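Following: one structure in structure tokens, then a few remarks.
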2 protein chains.
Amino acid sequence: MLYAVILAGGSGTRLWPLSRAGHPKFLHPLTGTSSTLLQATAERLDGLATADTTMVVTGVAHAAAVARQLPDLPDDNILVEPAPRDSCAAIGLAAAIIAEREPTALMGSFASDHLVADVAAFQSVVRAAAVGAQAGKLMTIGITPTRAETGYGYLKCGAVTAGSQIRAVEEFAEKPDAERAESYVRSREYLWNASMFLWRVDVFLNELARQQPELHSGLRRIAAAWHGPRREDRLTEIWPTLKKISVDYAVMEGAAAEGLVATVPGTFGWNDVGDFHTLGDVLPGDARGNVVLDDAKGEVILHDSADVVVVPRTHRLVAAVGLTDIVIVDTEDALLVCSRGRAQEVKAVVDALRSRGATDYL
Amino acid sequence: MLYAVILAGGSGTRLWPLSRAGHPKFLHPLTGTSSTLLQATAERLDGLATADTTMVVTGVAHAAAVARQLPDLPDDNILVEPAPRDSCAAIGLAAAIIAEREPTALMGSFASDHLVADVAAFQSVVRAAAVGAQAGKLMTIGITPTRAETGYGYLKCGAVTAGSQIRAVEEFAEKPDAERAESYVRSREYLWNASMFLWRVDVFLNELARQQPELHSGLRRIAAAWHGPRREDRLTEIWPTLKKISVDYAVMEGAAAEGLVATVPGTFGWNDVGDFHTLGDVLPGDARGNVVLDDAKGEVILHDSADVVVVPRTHRLVAAVGLTDIVIVDTEDALLVCSRGRAQEVKAVVDALRSRGATDYL
């Protein structure tokens with residue numbers, strides 16, 4: 001059993017106009033079922049954590065939606081950040097609050113907006129990682145690369161621990177260029193960093209104290225007041241002063257240099273649902289590879305089209321004629337038509353809208 | 001000066017979902033200006049005909065819209081067919097009504113849904129054809145082919161009349177297959193039949209009487225009552241009995257065999273606006289060939305896209321990312337995304353909707 005911490009932040013600009021600042025990726029049913037990505041994340045941990053030991057860290061804008069999508073979670077397990085301060089503050093707050101309850105508890109940290117095809121394989125990897133975490137390592141779950149992806153960070157792996165699936169992590173490698181990504185994948189020494197972590201909260205907090213003493217003490221002071229009347233005061237006083245930094249930079253890189261980080265390689269159909277192209281890859285399609293997401297509302301007619309991704313979010317009829325590798329996202333106030341190979345560039349549209357102050361669309 | 005007859009019928013199913021049965025092609029501003037195709041057709045005849053000598057033949061569903069789009073036309077010049085009976089009845093009715101006013105008047109018949117880029121050249125061709133019409137020929141205007149089009153009928157031309165642009169028309173050739181179309185264009189003996197005609201009404205009505213005596217006598221009886229109290233009675237009594245046949249089959253083919261038909265070849269940027277692909281070809285685009293039609297309502301963002309045709313008809317934002325040769329038509333209840341090369345197949349969607357009884361979309 002572990003404390004499962006789900007990070008529900010970020011807006012997913014590459015999934016615009018479906019994902020908006022006010023209704024980000026993790027709140028949408030992009031799973032091929034009626035579950036949202038957030039709900040699927042919680043369901044995937046069933047058997048590893050209970051509602052009482054599952055926590056979500058989210059922002060003020062989405063606290064209500066998160067609370068409603070996960071009605072079984074106790075109120076106190078929904079940690080609402082007054083403002084986003086990157087992943088180290090979010091994860092550290094959860095760790096410190098868990099430590100208040102159970103000082104050497106096992107904690108896992110998971111993104112709220114990823115898909116996992118093979119849940120049994122995923123749980124088996126988490127259990128294997130838990131062994132390393134109990135033994136005092138900061139464990140990651142490394143995804144065995146299936147392509148030379150330049151959009152992810154990588155874990156450089158070292159020696160295998162005899163008789164286990166655990167490998168040392170020597171280094172956190174930034175997003176590589178295409179050539180480097182190729183060599184990473186060929187070497188078989190690199191895994192994708194999917195930002196899933198397992199550790200004992202005491203081990204993590206010790207490393208946090210060593211590398212980020214101010215962040216550590218601030219989070220400890222907030223956590224100490226979490227279950228009492230001074231929670232809001234402490235958040236108001238301390239939260240804005242916390243360093244804005246990712247947990248990778250703040251803790252994991254330094255810990256890896258000390259030999260404290262290890263990983264379990266996983267192959268369980270992981271997908272970060274980063275854009276509509278990957279969404280189309282991971283969801284079930286028709287015989288010609290067309291994926292129509294949640295066709296409950298609108299009607300979709302596909303005439304001689306292949307590998308098309310349609311996200312109908314209005315009651316309108318959507319007709320495609322002779323299309324290949326095209327994404328169509330139909331929402332009430334905005335329509336996106338995008339070449340699948342260019343799905344990453346949807347971000348450019350969002351940037352253009354932001355720079356012209358067209359905030360209604362964001 | 002001539003009587004200009006504009007035929008405002010047909011729905012333009014290959015321009016769905018913009019063109020609908022209830023709001024067909026000719027009522028839309030597909031001209032690159034605020035004029036509709038119908039209005040542009042009337043404007044193009046300025047100097048050749050006046051409001052008093054311009055008539056529109058249309059159906060009951062569009063009479064009101066036609067009357068409002070052409071407010072200068074006298075009420076009696078808007079000829080409303082009780083039901084569509086193909087082009088011979090429509091053109092013949094206009095000819096017979098004109099003959100009531102002026103028995104040997106010159107009449108020109110024009111489609112309401114074509115575009116002409118060079119109006120001066122068009123008028124010059126019409127004036128040249130008028131000479132042949134005054135001399136007793138049934139004149140057509142033949143478009144010099146710019147490609148081996150299989151979607152049009154052709155005129156097979158014969159001898160040139162000395163000292164004029166007029167050529168005899170030996171034959172009306174049906175829509176050819178690709179091979180035949182190639183040989184037509186190579187031969188330089190064939191012109192596109194754009195269904196524009198000029199004649200003296202007495203000459204046309206004589207040929208109609210010779211070849212289609214019942215149709216002729218029915219139309220004459222309606223026309224005789226047109227300006228009196230019995231117009232509606234006659235229409236109700238006679239119109240449903242009229243033969244449903246095109247003027248090409250009913251009159252022109254037989255007249256050509258008798259040596260009565262001639263043509264003036266024209267090159268004036270003619271386009272029948274048959275589908276969104278040709279619409280994109282004929283309207284002015286940006287440096288990368290993108291055409292945004294009437295962008296007054298919605299906002300359109302084109303990110304690294306080329307040769308895209310966007311028809312925004314809602315207030316939504318339309319964003320295109322990395323597209324080439326794609327048509328996007330955004331209407332309140334239906335969205336079309338179509339490969340430009342497949343624009344003819346939009347008809348298949350309309351057929352599918354019709355066969356399933358989804359008449360709201362038609």
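Scheme for the structure tokens: letters A, B, ... for chains in order shown; per-chain residue numbers from 1; ligand numbers from 1 in order shown.
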* To do: Kindly determine which residues of chain B lie within 10 Å of chain A, considering only C-alpha atoms, and give the answer as number ranges by chain.
  => B: 17, 298-305, 314-324, 326-350, 352-353, 361
* To do: Return as number ranges by chain the full set of residues in segment 34-188 of chain B whose backbone-based DSSP assignment is helix (DSSP H, G or I).
  => B: 37-44, 63-69, 75-77, 86-101, 119-134, 178-187
* Asked: Excluding same-chain residues fewer than 5 positions from segment 145-151 of chain A, what lies within 9 Å of it counting only C-alpha atoms, as a list of chain:residue names?
  ->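 Residues near the query, excluding close chain neighbours: A:Lys175, A:Pro176, A:Asp177, A:Ala178, A:Glu179, A:Arg180, A:Ala181, A:Glu182, A:Ser183, A:Tyr184, A:Val185, A:Arg186, A:Arg188, A:Tyr190, A:Leu191, A:Trp192, A:Thr267.
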Residues from the last selection, C-alpha atoms, saved as a short mmCIF file (atom, residue, chain, number, x, y, z; two decimals), in the first residue's frame:
data_model
loop_
_atom_site.label_atom_id
_atom_site.label_comp_id
_atom_site.auth_asym_id
_atom_site.auth_seq_id
_atom_site.Cartn_x
_atom_site.Cartn_y
_atom_site.Cartn_z
CA LYS A 175 15.03 16.65 -24.10
CA PRO A 176 17.57 15.66 -26.77
CA ASP A 177 17.85 16.70 -30.40
CA ALA A 178 16.93 14.11 -33.05
CA GLU A 179 20.43 12.71 -33.49
CA ARG A 180 20.98 12.35 -29.78
CA ALA A 181 17.55 10.77 -29.33
CA GLU A 182 18.49 8.17 -31.98
CA SER A 183 21.70 7.31 -30.16
CA TYR A 184 19.89 7.12 -26.81
CA VAL A 185 17.42 4.59 -28.18
CA ARG A 186 20.09 2.54 -29.95
CA ARG A 188 19.46 0.71 -24.75
CA TYR A 190 18.23 5.31 -21.82
CA LEU A 191 14.60 5.23 -20.74
CA TRP A 192 11.91 7.89 -21.07
CA THR A 267 6.39 -1.42 -20.96
#
* Asked: Which residue, B:Gln165, B:Gln211, B:Gln39, B:Asn206, has the smallest gap to Ala95 of chain B when you use only C-alpha atoms?
  ->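 Nearest to Ala95 of chain B: B:Asn206.
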* Just the residues within 7 Å of segment 97-114 of chain B, please, counting only C-alpha atoms, with nothing from its chain fewer than 5 positions along; format it as an MDAnalysis selection string. => chainID B and resid 2:8 25:26 37:38 41 195:202 223:224 271:273
Next, dump the selected residues to file, keeping only N, CA, C and O atoms, as an mmCIF file, in the first residue's frame.
data_model
loop_
_atom_site.group_PDB
_atom_site.id
_atom_site.type_symbol
_atom_site.label_atom_id
_atom_site.label_comp_id
_atom_site.auth_asym_id
_atom_site.auth_seq_id
_atom_site.Cartn_x
_atom_site.Cartn_y
_atom_site.Cartn_z
ATOM 1 N N LEU B 2 -30.691 44.248 -74.892
ATOM 2 C CA LEU B 2 -31.365 42.959 -74.959
ATOM 3 C C LEU B 2 -32.187 42.706 -73.706
ATOM 4 O O LEU B 2 -32.039 43.414 -72.701
ATOM 5 N N TYR B 3 -33.053 41.729 -73.806
ATOM 6 C CA TYR B 3 -33.718 41.197 -72.619
ATOM 7 C C TYR B 3 -32.800 40.127 -72.028
ATOM 8 O O TYR B 3 -32.442 39.170 -72.723
ATOM 9 N N ALA B 4 -32.410 40.351 -70.798
ATOM 10 C CA ALA B 4 -31.524 39.389 -70.136
ATOM 11 C C ALA B 4 -32.358 38.497 -69.224
ATOM 12 O O ALA B 4 -33.090 38.993 -68.370
ATOM 13 N N VAL B 5 -32.256 37.203 -69.447
ATOM 14 C CA VAL B 5 -33.001 36.242 -68.625
ATOM 15 C C VAL B 5 -32.001 35.461 -67.778
ATOM 16 O O VAL B 5 -31.070 34.845 -68.320
ATOM 17 N N ILE B 6 -32.179 35.541 -66.483
ATOM 18 C CA ILE B 6 -31.264 34.868 -65.563
ATOM 19 C C ILE B 6 -31.980 33.674 -64.947
ATOM 20 O O ILE B 6 -33.062 33.833 -64.368
ATOM 21 N N LEU B 7 -31.394 32.495 -65.088
ATOM 22 C CA LEU B 7 -32.019 31.281 -64.555
ATOM 23 C C LEU B 7 -31.489 31.028 -63.142
ATOM 24 O O LEU B 7 -30.312 30.711 -62.965
ATOM 25 N N ALA B 8 -32.359 31.174 -62.171
ATOM 26 C CA ALA B 8 -31.946 31.011 -60.772
ATOM 27 C C ALA B 8 -32.593 29.763 -60.193
ATOM 28 O O ALA B 8 -33.572 29.817 -59.456
ATOM 29 N N LYS B 25 -26.710 28.034 -54.055
ATOM 30 C CA LYS B 25 -25.464 28.676 -54.460
ATOM 31 C C LYS B 25 -25.614 30.127 -54.898
ATOM 32 O O LYS B 25 -24.870 30.998 -54.461
ATOM 33 N N PHE B 26 -26.612 30.383 -55.767
ATOM 34 C CA PHE B 26 -26.680 31.717 -56.373
ATOM 35 C C PHE B 26 -27.033 32.815 -55.380
ATOM 36 O O PHE B 26 -26.823 33.985 -55.658
ATOM 37 N N LEU B 37 -23.722 35.616 -56.137
ATOM 38 C CA LEU B 37 -23.554 35.191 -57.531
ATOM 39 C C LEU B 37 -24.688 35.739 -58.402
ATOM 40 O O LEU B 37 -24.462 36.182 -59.536
ATOM 41 N N LEU B 38 -25.914 35.717 -57.863
ATOM 42 C CA LEU B 38 -27.055 36.257 -58.611
ATOM 43 C C LEU B 38 -26.869 37.749 -58.897
ATOM 44 O O LEU B 38 -27.049 38.198 -60.038
ATOM 45 N N THR B 41 -24.283 38.388 -61.449
ATOM 46 C CA THR B 41 -24.767 38.075 -62.796
ATOM 47 C C THR B 41 -25.523 39.271 -63.376
ATOM 48 O O THR B 41 -25.326 39.643 -64.536
ATOM 49 N N SER B 195 -23.901 27.171 -71.455
ATOM 50 C CA SER B 195 -25.346 27.410 -71.349
ATOM 51 C C SER B 195 -25.706 28.886 -71.326
ATOM 52 O O SER B 195 -26.586 29.308 -70.576
ATOM 53 N N MET B 196 -24.993 29.665 -72.139
ATOM 54 C CA MET B 196 -25.389 31.065 -72.364
ATOM 55 C C MET B 196 -25.861 31.157 -73.809
ATOM 56 O O MET B 196 -25.159 30.703 -74.719
ATOM 57 N N PHE B 197 -27.063 31.708 -73.979
ATOM 58 C CA PHE B 197 -27.673 31.739 -75.303
ATOM 59 C C PHE B 197 -28.111 33.157 -75.660
ATOM 60 O O PHE B 197 -28.527 33.917 -74.775
ATOM 61 N N LEU B 198 -28.032 33.483 -76.935
ATOM 62 C CA LEU B 198 -28.606 34.740 -77.449
ATOM 63 C C LEU B 198 -29.394 34.431 -78.711
ATOM 64 O O LEU B 198 -28.909 33.689 -79.586
ATOM 65 N N TRP B 199 -30.595 35.019 -78.804
ATOM 66 C CA TRP B 199 -31.420 34.840 -80.001
ATOM 67 C C TRP B 199 -32.510 35.900 -80.044
ATOM 68 O O TRP B 199 -32.780 36.572 -79.049
ATOM 69 N N ARG B 200 -33.112 36.032 -81.227
ATOM 70 C CA ARG B 200 -34.364 36.782 -81.304
ATOM 71 C C ARG B 200 -35.444 35.843 -80.784
ATOM 72 O O ARG B 200 -35.464 34.642 -81.112
ATOM 73 N N VAL B 201 -36.370 36.360 -79.983
ATOM 74 C CA VAL B 201 -37.374 35.477 -79.392
ATOM 75 C C VAL B 201 -38.233 34.817 -80.465
ATOM 76 O O VAL B 201 -38.672 33.674 -80.299
ATOM 77 N N ASP B 202 -38.462 35.532 -81.591
ATOM 78 C CA ASP B 202 -39.277 34.915 -82.649
ATOM 79 C C ASP B 202 -38.561 33.707 -83.263
ATOM 80 O O ASP B 202 -39.186 32.680 -83.561
ATOM 81 N N ALA B 223 -47.947 32.792 -71.257
ATOM 82 C CA ALA B 223 -47.401 34.135 -71.483
ATOM 83 C C ALA B 223 -48.493 35.138 -71.843
ATOM 84 O O ALA B 223 -48.462 36.297 -71.403
ATOM 85 N N ALA B 224 -49.468 34.672 -72.606
ATOM 86 C CA ALA B 224 -50.551 35.571 -73.019
ATOM 87 C C ALA B 224 -51.331 36.087 -71.817
ATOM 88 O O ALA B 224 -51.894 37.191 -71.843
ATOM 89 N N ASN B 271 -16.035 30.725 -64.835
ATOM 90 C CA ASN B 271 -15.958 29.637 -63.865
ATOM 91 C C ASN B 271 -17.363 29.315 -63.400
ATOM 92 O O ASN B 271 -18.123 30.221 -63.057
ATOM 93 N N ASP B 272 -17.704 28.051 -63.388
ATOM 94 C CA ASP B 272 -19.080 27.690 -63.016
ATOM 95 C C ASP B 272 -19.239 27.474 -61.512
ATOM 96 O O ASP B 272 -20.327 27.100 -61.064
ATOM 97 N N VAL B 273 -18.156 27.714 -60.732
ATOM 98 C CA VAL B 273 -18.218 27.603 -59.276
ATOM 99 C C VAL B 273 -18.904 26.287 -58.896
ATOM 100 O O VAL B 273 -19.808 26.253 -58.060
#
* Skip segment 289-292 of chain B itself and residues of its chain fewer than 4 positions away, then list as a ChimeraX atom specification all residues within 8 Å of it, counting only C-alpha atoms. => /B:280,283-285,300,305-312
* Would you give me, as a list in words, the residues in segment 226-305 of chain A that DSSP reads as strand (DSSP E or B)? ->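 Filtering segment 226-305 of chain A down to strand (DSSP E or B) leaves Val261, Ala262, Thr263, Val264, Pro265, Gly266, Trp270, Asn271, Val291, Val292, Glu299, Val300, Ile301, Leu302 and His303 of chain A.
Atom CA of Pro82 of chain B to atom CA of Ala64 of chain B spans 13.7 Å [interatomic distance, one decimal].
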* With a distance cut-off of 8 Å and only C-alpha atoms, select the neighbouring residues of Lys137 of chain B, excluding the residue or stretch itself and same-chain residues fewer than 5 positions from it, and output the selection as number ranges by chain. => B: 132, 199, 203, 260-262
* Distance atom CA of Ala250 of chain A-atom CA of Ala194 of chain A, one decimal place? ->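 Here the two named atoms are 16.7 Å from each other.
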Selection: 9 Å around Gln212 of chain A, only C-alpha atoms, excl. self and same-chain fewer than 4 positions, as a tab-separated table (two decimals) with N, CA, C and O atoms, in the first residue's frame:
chain	number	residue	atom	x	y	z
A	207	GLU	N	16.44	14.41	1.25
A	207	GLU	CA	17.14	14.93	0.07
A	207	GLU	C	16.71	16.36	-0.23
A	207	GLU	O	17.51	17.20	-0.62
A	208	LEU	N	15.42	16.62	-0.04
A	208	LEU	CA	14.92	17.98	-0.25
A	208	LEU	C	15.60	18.94	0.73
A	208	LEU	O	16.04	20.03	0.36
A	216	HIS	N	12.30	23.11	1.66
A	216	HIS	CA	11.96	22.06	2.61
A	216	HIS	C	11.32	22.63	3.87
A	216	HIS	O	10.27	22.18	4.32
A	217	SER	N	11.93	23.66	4.42
A	217	SER	CA	11.41	24.15	5.70
A	217	SER	C	10.07	24.84	5.50
A	217	SER	O	9.17	24.73	6.34
A	243	LYS	N	10.42	28.49	-3.84
A	243	LYS	CA	11.14	28.49	-5.12
A	243	LYS	C	10.34	27.73	-6.17
A	243	LYS	O	9.81	26.64	-5.91
A	250	ALA	N	15.39	20.18	-8.96
A	250	ALA	CA	15.59	20.54	-7.55
A	250	ALA	C	16.17	19.40	-6.74
A	250	ALA	O	16.99	19.63	-5.84
A	251	VAL	N	15.75	18.19	-7.05
A	251	VAL	CA	16.10	17.06	-6.18
A	251	VAL	C	16.70	15.89	-6.96
A	251	VAL	O	17.75	15.36	-6.60
